file input21.txt (compact mmCIF, C-alpha atoms)
# COMPACT_ATOMS: atom_id res chain seq x y z
CA GLN A 1 168.57 123.36 221.47
CA VAL A 2 170.98 126.29 221.44
CA ARG A 3 170.45 129.00 224.00
CA LEU A 4 172.48 132.11 224.69
CA ARG A 5 171.82 134.18 227.81
CA GLU A 6 173.54 137.50 228.35
CA SER A 7 174.04 139.21 231.68
CA GLY A 8 176.15 142.00 233.11
CA GLY A 9 174.73 145.04 231.39
CA GLY A 10 173.88 148.16 233.30
CA SER A 11 174.66 151.83 233.75
CA VAL A 12 178.14 153.23 234.12
CA GLN A 13 179.85 156.58 233.87
CA ALA A 14 182.17 157.34 231.00
CA GLY A 15 185.60 155.91 231.70
CA GLY A 16 184.16 153.06 233.71
CA SER A 17 184.08 149.32 233.07
CA LEU A 18 181.55 146.55 232.68
CA ARG A 19 181.87 142.84 232.05
CA LEU A 20 179.24 141.09 229.97
CA SER A 21 178.69 137.36 230.23
CA CYS A 22 177.06 134.95 227.80
CA ALA A 23 176.08 131.55 229.12
CA ALA A 24 175.75 129.08 226.24
CA SER A 25 173.98 125.74 226.04
CA GLY A 26 173.50 123.36 223.13
CA LEU A 27 176.86 124.24 221.57
CA VAL A 28 180.54 124.19 222.50
CA VAL A 29 182.04 127.65 222.90
CA SER A 30 185.58 126.37 222.38
CA ILE A 31 184.87 125.51 218.73
CA ALA A 32 181.84 127.57 217.71
CA PRO A 33 182.23 130.98 216.09
CA ILE A 34 180.85 133.11 218.90
CA GLY A 35 180.98 136.71 219.99
CA TRP A 36 179.28 140.01 220.61
CA TYR A 37 177.34 142.47 218.49
CA ARG A 38 175.66 145.69 219.50
CA GLN A 39 172.77 147.72 218.22
CA PHE A 40 172.15 151.44 218.41
CA PRO A 41 168.59 152.81 218.13
CA GLY A 42 167.46 152.78 214.53
CA LYS A 43 170.61 151.03 213.32
CA GLN A 44 171.54 147.50 212.32
CA ARG A 45 173.53 145.31 214.64
CA GLU A 46 177.28 145.68 214.29
CA LEU A 47 180.19 143.49 215.26
CA VAL A 48 181.95 144.27 218.52
CA ALA A 49 184.21 141.24 219.03
CA ARG A 50 184.11 137.66 217.89
CA PHE A 51 185.97 134.36 218.02
CA GLU A 52 186.24 133.07 214.47
CA THR A 53 186.50 129.46 213.37
CA GLY A 54 189.99 128.32 214.38
CA GLY A 55 190.19 130.73 217.30
CA ALA A 56 191.22 134.02 215.71
CA ILE A 57 189.63 137.10 217.24
CA THR A 58 188.10 140.00 215.36
CA TYR A 59 187.48 143.36 217.04
CA ALA A 60 185.69 146.38 215.72
CA ASP A 61 188.15 149.24 215.25
CA SER A 62 186.14 151.39 217.64
CA VAL A 63 186.72 149.02 220.57
CA LYS A 64 190.29 147.86 219.97
CA GLY A 65 192.43 148.43 223.03
CA ARG A 66 189.37 148.93 225.26
CA PHE A 67 187.33 145.72 224.98
CA THR A 68 188.53 142.16 225.47
CA ILE A 69 186.67 139.01 224.54
CA SER A 70 187.38 135.75 226.32
CA ARG A 71 185.81 132.35 226.78
CA ASP A 72 185.69 129.77 229.51
CA TRP A 73 185.53 126.20 228.21
CA PRO A 74 184.48 124.43 231.43
CA LYS A 75 181.71 126.97 232.01
CA ASN A 76 180.81 127.12 228.30
CA ALA A 77 180.62 130.88 228.52
CA VAL A 78 181.91 133.90 226.64
CA TYR A 79 182.75 137.25 228.18
CA LEU A 80 183.27 140.81 227.05
CA GLN A 81 185.37 143.00 229.31
CA MET A 82 184.67 146.61 228.45
CA ASP A 83 187.04 149.24 229.82
CA ASN A 84 187.22 152.98 229.32
CA LEU A 85 183.60 153.04 228.21
CA MET A 86 182.46 156.02 226.19
CA SER A 87 179.02 157.44 225.45
CA GLU A 88 179.39 156.03 221.94
CA ASP A 89 179.28 152.54 223.47
CA ASP A 90 175.74 153.08 224.76
CA ALA A 91 173.78 150.27 223.05
CA VAL A 92 172.09 146.90 223.42
CA TYR A 93 174.70 144.14 223.34
CA TYR A 94 173.91 140.71 221.93
CA CYS A 95 175.70 137.40 222.19
CA THR A 96 175.66 135.47 218.93
CA ALA A 97 176.95 132.11 217.78
CA THR A 98 176.94 129.93 214.71
CA TRP A 99 176.39 126.22 215.23
CA ARG A 100 175.79 123.55 212.62
CA GLY A 101 174.98 126.11 209.97
CA ASP A 102 172.52 128.19 211.98
CA THR A 103 173.04 131.52 213.71
CA PHE A 104 171.65 132.11 217.17
CA TRP A 105 171.16 135.26 219.23
CA GLY A 106 170.63 136.02 222.87
CA GLN A 107 167.95 138.39 224.10
CA GLY A 108 170.39 141.29 224.51
CA THR A 109 171.54 143.36 227.46
CA GLN A 110 171.51 147.14 227.70
CA VAL A 111 174.70 149.08 228.36
CA THR A 112 174.15 152.71 229.28
CA VAL A 113 177.09 155.09 229.50
CA SER A 114 176.60 158.52 231.01
CA SER A 115 179.03 161.36 230.46

call {"tool": "encode", "arguments": {"input": "input21.txt", "output": "structure tokens"}}
result
Amino acid sequence: QVRLRESGGGSVQAGGSLRLSCAASGLVVSIAPIGWYRQFPGKQRELVARFETGGAITYADSVKGRFTISRDWPKNAVYLQMDNLMSEDDAVYYCTATWRGDTFWGQGTQVTVSS
């Protein structure tokens, strides 16, 4: 059974940093397409950063140069380092992965950025 559990969200002032963590079980983060999406109120979820099949990384244009995705194979976890946060980053962040043809989501973690 695949499970994704996010942690690390919270409140921060604009210009600050947060690090999100996603603990995965039931899949292998080193080979699974896995990453982060976010959702603004009333909007659909949108890609933030993602490891693609084969290891390439895709970033949303709005976070390039500010956010960094990484993964830890022994811990089977994925991280999102978010620097220079802006009010436009205020959203619920979700960890998502594809494994054996199915897509899985975590429960989400709120990131609040105050200006």

call {"tool": "atom_distance", "arguments": {"input": "input21.txt", "atom1": "atom CA of A:Val29", "atom2": "atom CA of A:Ser17"}}
result
24.0 Å

call {"tool": "atom_distance", "arguments": {"input": "input21.txt", "atom1": "atom CA of A:Val78", "atom2": "atom CA of A:Gly15"}}
result
22.9 Å

call {"tool": "closest_atom_pairs", "arguments": {"input": "input21.txt", "of": "stretch 31-65 of chain A", "to": "stretch 80-83 of chain A", "cutoff": "10 Å", "atoms": "all atoms listed in the file", "output": "CSV"}}
result
residue,atom,partner,partner_atom,distance
A:Gly35,CA,A:Leu80,CA,8.5
A:Trp36,CA,A:Leu80,CA,7.6
A:Val48,CA,A:Leu80,CA,9.3
A:Ala49,CA,A:Leu80,CA,8.1
A:Arg50,CA,A:Leu80,CA,9.7
A:Val63,CA,A:Met82,CA,8.5
A:Gly65,CA,A:Asp83,CA,8.7

call {"tool": "residues_near_point", "arguments": {"input": "input21.txt", "point": "(178.9, 136.0, 214.2)", "cutoff": "7 Å", "atoms": "all atoms listed in the file", "output": "number ranges by chain"}}
result
A: 33-35, 50, 96-98

call {"tool": "closest_residue", "arguments": {"input": "input21.txt", "among": "A:Ala60, A:Leu20, A:Ala77, A:Ile69", "to": "A:Tyr93", "atoms": "only C-alpha atoms"}}
result
A:Leu20

call {"tool": "residues_around", "arguments": {"input": "input21.txt", "residues": "A:Thr112", "least_positions_apart": "5", "cutoff": "8 Å", "atoms": "all atoms listed in the file", "output": "PyMOL selection string"}}
result
chain A and resi 9-12+87+89-91

call {"tool": "residues_around", "arguments": {"input": "input21.txt", "residues": "A:Val2", "least_positions_apart": "6", "cutoff": "10 Å", "atoms": "all atoms listed in the file", "output": "list in words"}}
result
Ala24, Ser25, Gly26, Leu27, Val28, Ala97, Thr98, Trp99, Asp102, Thr103, Phe104, Trp105 and Gly106 of chain A

call {"tool": "atom_distance", "arguments": {"input": "input21.txt", "atom1": "atom CA of A:Leu4", "atom2": "atom CA of A:Lys75"}}
result
12.9 Å

call {"tool": "closest_residue", "arguments": {"input": "input21.txt", "among": "A:Val113, A:Ala56, A:Val92, A:Cys22", "to": "A:Arg71", "atoms": "all atoms listed in the file"}}
result
A:Cys22

call {"tool": "closest_residue", "arguments": {"input": "input21.txt", "among": "A:Tyr94, A:Ile31, A:Ser115, A:Tyr37", "to": "A:Gly54", "atoms": "all atoms listed in the file"}}
result
A:Ile31

call {"tool": "closest_residue", "arguments": {"input": "input21.txt", "among": "A:Arg100, A:Ser114, A:Thr68, A:Ile57", "to": "A:Gln1", "atoms": "only C-alpha atoms"}}
result
A:Arg100

call {"tool": "closest_residue", "arguments": {"input": "input21.txt", "among": "A:Pro41, A:Gly16, A:Gly108, A:Gly8", "to": "A:Arg66", "atoms": "only C-alpha atoms"}}
result
A:Gly16

call {"tool": "axis_aligned_box", "arguments": {"input": "input21.txt", "around": "stretch 10-24 of chain A", "padding_each_side": "3 Å", "output": "lines of an AutoDock Vina configuration file"}}
result
center_x = 179.7
center_y = 143.2
center_z = 230.2
size_x = 17.7
size_y = 34.3
size_z = 13.9

call {"tool": "closest_residue", "arguments": {"input": "input21.txt", "among": "A:Glu6, A:Cys95, A:Gly101, A:Ser30", "to": "A:Glu46", "atoms": "only C-alpha atoms"}}
result
A:Cys95

call {"tool": "build_atoms", "arguments": {"input": "input21.txt", "residues": "stretch 64-75 of chain A", "atoms": "all heavy atoms", "output": "JSON list (two decimals), in the frame of the given file"}}
result
[["chain", "number", "residue", "atom", "x", "y", "z"],
["A", 64, "LYS", "N", 188.95, 148.41, 219.80],
["A", 64, "LYS", "CA", 190.29, 147.86, 219.97],
["A", 64, "LYS", "C", 191.04, 148.60, 221.06],
["A", 64, "LYS", "O", 191.05, 149.83, 221.11],
["A", 64, "LYS", "CB", 191.05, 147.93, 218.65],
["A", 64, "LYS", "CG", 190.63, 146.90, 217.62],
["A", 64, "LYS", "CD", 191.44, 147.04, 216.34],
["A", 64, "LYS", "CE", 191.00, 146.01, 215.31],
["A", 64, "LYS", "NZ", 191.71, 146.17, 214.02],
["A", 65, "GLY", "N", 191.68, 147.83, 221.93],
["A", 65, "GLY", "CA", 192.43, 148.43, 223.03],
["A", 65, "GLY", "C", 191.58, 148.74, 224.26],
["A", 65, "GLY", "O", 192.13, 149.05, 225.32],
["A", 66, "ARG", "N", 190.27, 148.64, 224.13],
["A", 66, "ARG", "CA", 189.37, 148.93, 225.26],
["A", 66, "ARG", "C", 188.55, 147.71, 225.67],
["A", 66, "ARG", "O", 188.26, 147.54, 226.84],
["A", 66, "ARG", "CB", 188.43, 150.08, 224.90],
["A", 66, "ARG", "CG", 189.11, 151.39, 224.55],
["A", 66, "ARG", "CD", 188.11, 152.53, 224.39],
["A", 66, "ARG", "NE", 187.13, 152.28, 223.33],
["A", 66, "ARG", "CZ", 185.82, 152.22, 223.53],
["A", 66, "ARG", "NH1", 185.31, 152.39, 224.74],
["A", 66, "ARG", "NH2", 185.00, 152.00, 222.51],
["A", 67, "PHE", "N", 188.17, 146.90, 224.71],
["A", 67, "PHE", "CA", 187.33, 145.72, 224.98],
["A", 67, "PHE", "C", 188.16, 144.46, 224.78],
["A", 67, "PHE", "O", 189.01, 144.40, 223.89],
["A", 67, "PHE", "CB", 186.14, 145.67, 224.04],
["A", 67, "PHE", "CG", 185.09, 146.73, 224.25],
["A", 67, "PHE", "CD1", 185.31, 147.82, 225.10],
["A", 67, "PHE", "CD2", 183.88, 146.65, 223.60],
["A", 67, "PHE", "CE1", 184.36, 148.80, 225.28],
["A", 67, "PHE", "CE2", 182.90, 147.61, 223.77],
["A", 67, "PHE", "CZ", 183.15, 148.69, 224.62],
["A", 68, "THR", "N", 187.86, 143.44, 225.59],
["A", 68, "THR", "CA", 188.53, 142.16, 225.47],
["A", 68, "THR", "C", 187.51, 141.03, 225.54],
["A", 68, "THR", "O", 186.73, 140.96, 226.49],
["A", 68, "THR", "CB", 189.56, 141.98, 226.60],
["A", 68, "THR", "OG1", 190.49, 143.07, 226.60],
["A", 68, "THR", "CG2", 190.33, 140.67, 226.41],
["A", 69, "ILE", "N", 187.54, 140.18, 224.54],
["A", 69, "ILE", "CA", 186.67, 139.01, 224.54],
["A", 69, "ILE", "C", 187.44, 137.81, 225.06],
["A", 69, "ILE", "O", 188.64, 137.67, 224.81],
["A", 69, "ILE", "CB", 186.11, 138.74, 223.12],
["A", 69, "ILE", "CG1", 185.01, 137.67, 223.16],
["A", 69, "ILE", "CG2", 187.21, 138.37, 222.14],
["A", 69, "ILE", "CD1", 184.28, 137.50, 221.83],
["A", 70, "SER", "N", 186.75, 136.96, 225.81],
["A", 70, "SER", "CA", 187.38, 135.75, 226.32],
["A", 70, "SER", "C", 186.32, 134.66, 226.43],
["A", 70, "SER", "O", 185.13, 134.95, 226.35],
["A", 70, "SER", "CB", 188.05, 135.99, 227.68],
["A", 70, "SER", "OG", 187.08, 136.39, 228.64],
["A", 71, "ARG", "N", 186.78, 133.44, 226.62],
["A", 71, "ARG", "CA", 185.81, 132.35, 226.78],
["A", 71, "ARG", "C", 186.33, 131.35, 227.81],
["A", 71, "ARG", "O", 187.54, 131.20, 227.97],
["A", 71, "ARG", "CB", 185.52, 131.65, 225.45],
["A", 71, "ARG", "CG", 186.72, 131.15, 224.68],
["A", 71, "ARG", "CD", 186.31, 130.65, 223.30],
["A", 71, "ARG", "NE", 187.46, 130.34, 222.46],
["A", 71, "ARG", "CZ", 187.38, 129.99, 221.19],
["A", 71, "ARG", "NH1", 186.19, 129.90, 220.60],
["A", 71, "ARG", "NH2", 188.46, 129.72, 220.49],
["A", 72, "ASP", "N", 185.40, 130.73, 228.46],
["A", 72, "ASP", "CA", 185.69, 129.77, 229.51],
["A", 72, "ASP", "C", 185.12, 128.43, 229.08],
["A", 72, "ASP", "O", 183.90, 128.24, 229.05],
["A", 72, "ASP", "CB", 185.05, 130.25, 230.82],
["A", 72, "ASP", "CG", 185.41, 129.37, 232.00],
["A", 72, "ASP", "OD1", 185.51, 128.13, 231.84],
["A", 72, "ASP", "OD2", 185.58, 129.92, 233.10],
["A", 73, "TRP", "N", 186.01, 127.49, 228.73],
["A", 73, "TRP", "CA", 185.53, 126.20, 228.21],
["A", 73, "TRP", "C", 184.77, 125.39, 229.24],
["A", 73, "TRP", "O", 183.70, 124.84, 228.90],
["A", 73, "TRP", "CB", 186.71, 125.41, 227.65],
["A", 73, "TRP", "CG", 187.43, 126.11, 226.54],
["A", 73, "TRP", "CD1", 187.07, 127.28, 225.93],
["A", 73, "TRP", "CD2", 188.66, 125.68, 225.93],
["A", 73, "TRP", "NE1", 187.99, 127.60, 224.97],
["A", 73, "TRP", "CE2", 188.96, 126.64, 224.94],
["A", 73, "TRP", "CE3", 189.50, 124.60, 226.10],
["A", 73, "TRP", "CZ2", 190.10, 126.54, 224.14],
["A", 73, "TRP", "CZ3", 190.61, 124.49, 225.31],
["A", 73, "TRP", "CH2", 190.91, 125.46, 224.34],
["A", 74, "PRO", "N", 185.26, 125.24, 230.47],
["A", 74, "PRO", "CA", 184.48, 124.43, 231.43],
["A", 74, "PRO", "C", 183.08, 125.00, 231.71],
["A", 74, "PRO", "O", 182.13, 124.25, 231.87],
["A", 74, "PRO", "CB", 185.35, 124.45, 232.69],
["A", 74, "PRO", "CG", 186.73, 124.68, 232.18],
["A", 74, "PRO", "CD", 186.55, 125.63, 231.02],
["A", 75, "LYS", "N", 183.00, 126.35, 231.73],
["A", 75, "LYS", "CA", 181.71, 126.97, 232.01],
["A", 75, "LYS", "C", 180.88, 127.16, 230.74],
["A", 75, "LYS", "O", 179.71, 127.54, 230.81],
["A", 75, "LYS", "CB", 181.89, 128.32, 232.70],
["A", 75, "LYS", "CG", 182.48, 128.22, 234.10],
["A", 75, "LYS", "CD", 182.56, 129.58, 234.76],
["A", 75, "LYS", "CE", 183.10, 129.47, 236.17],
["A", 75, "LYS", "NZ", 183.21, 130.80, 236.83]]
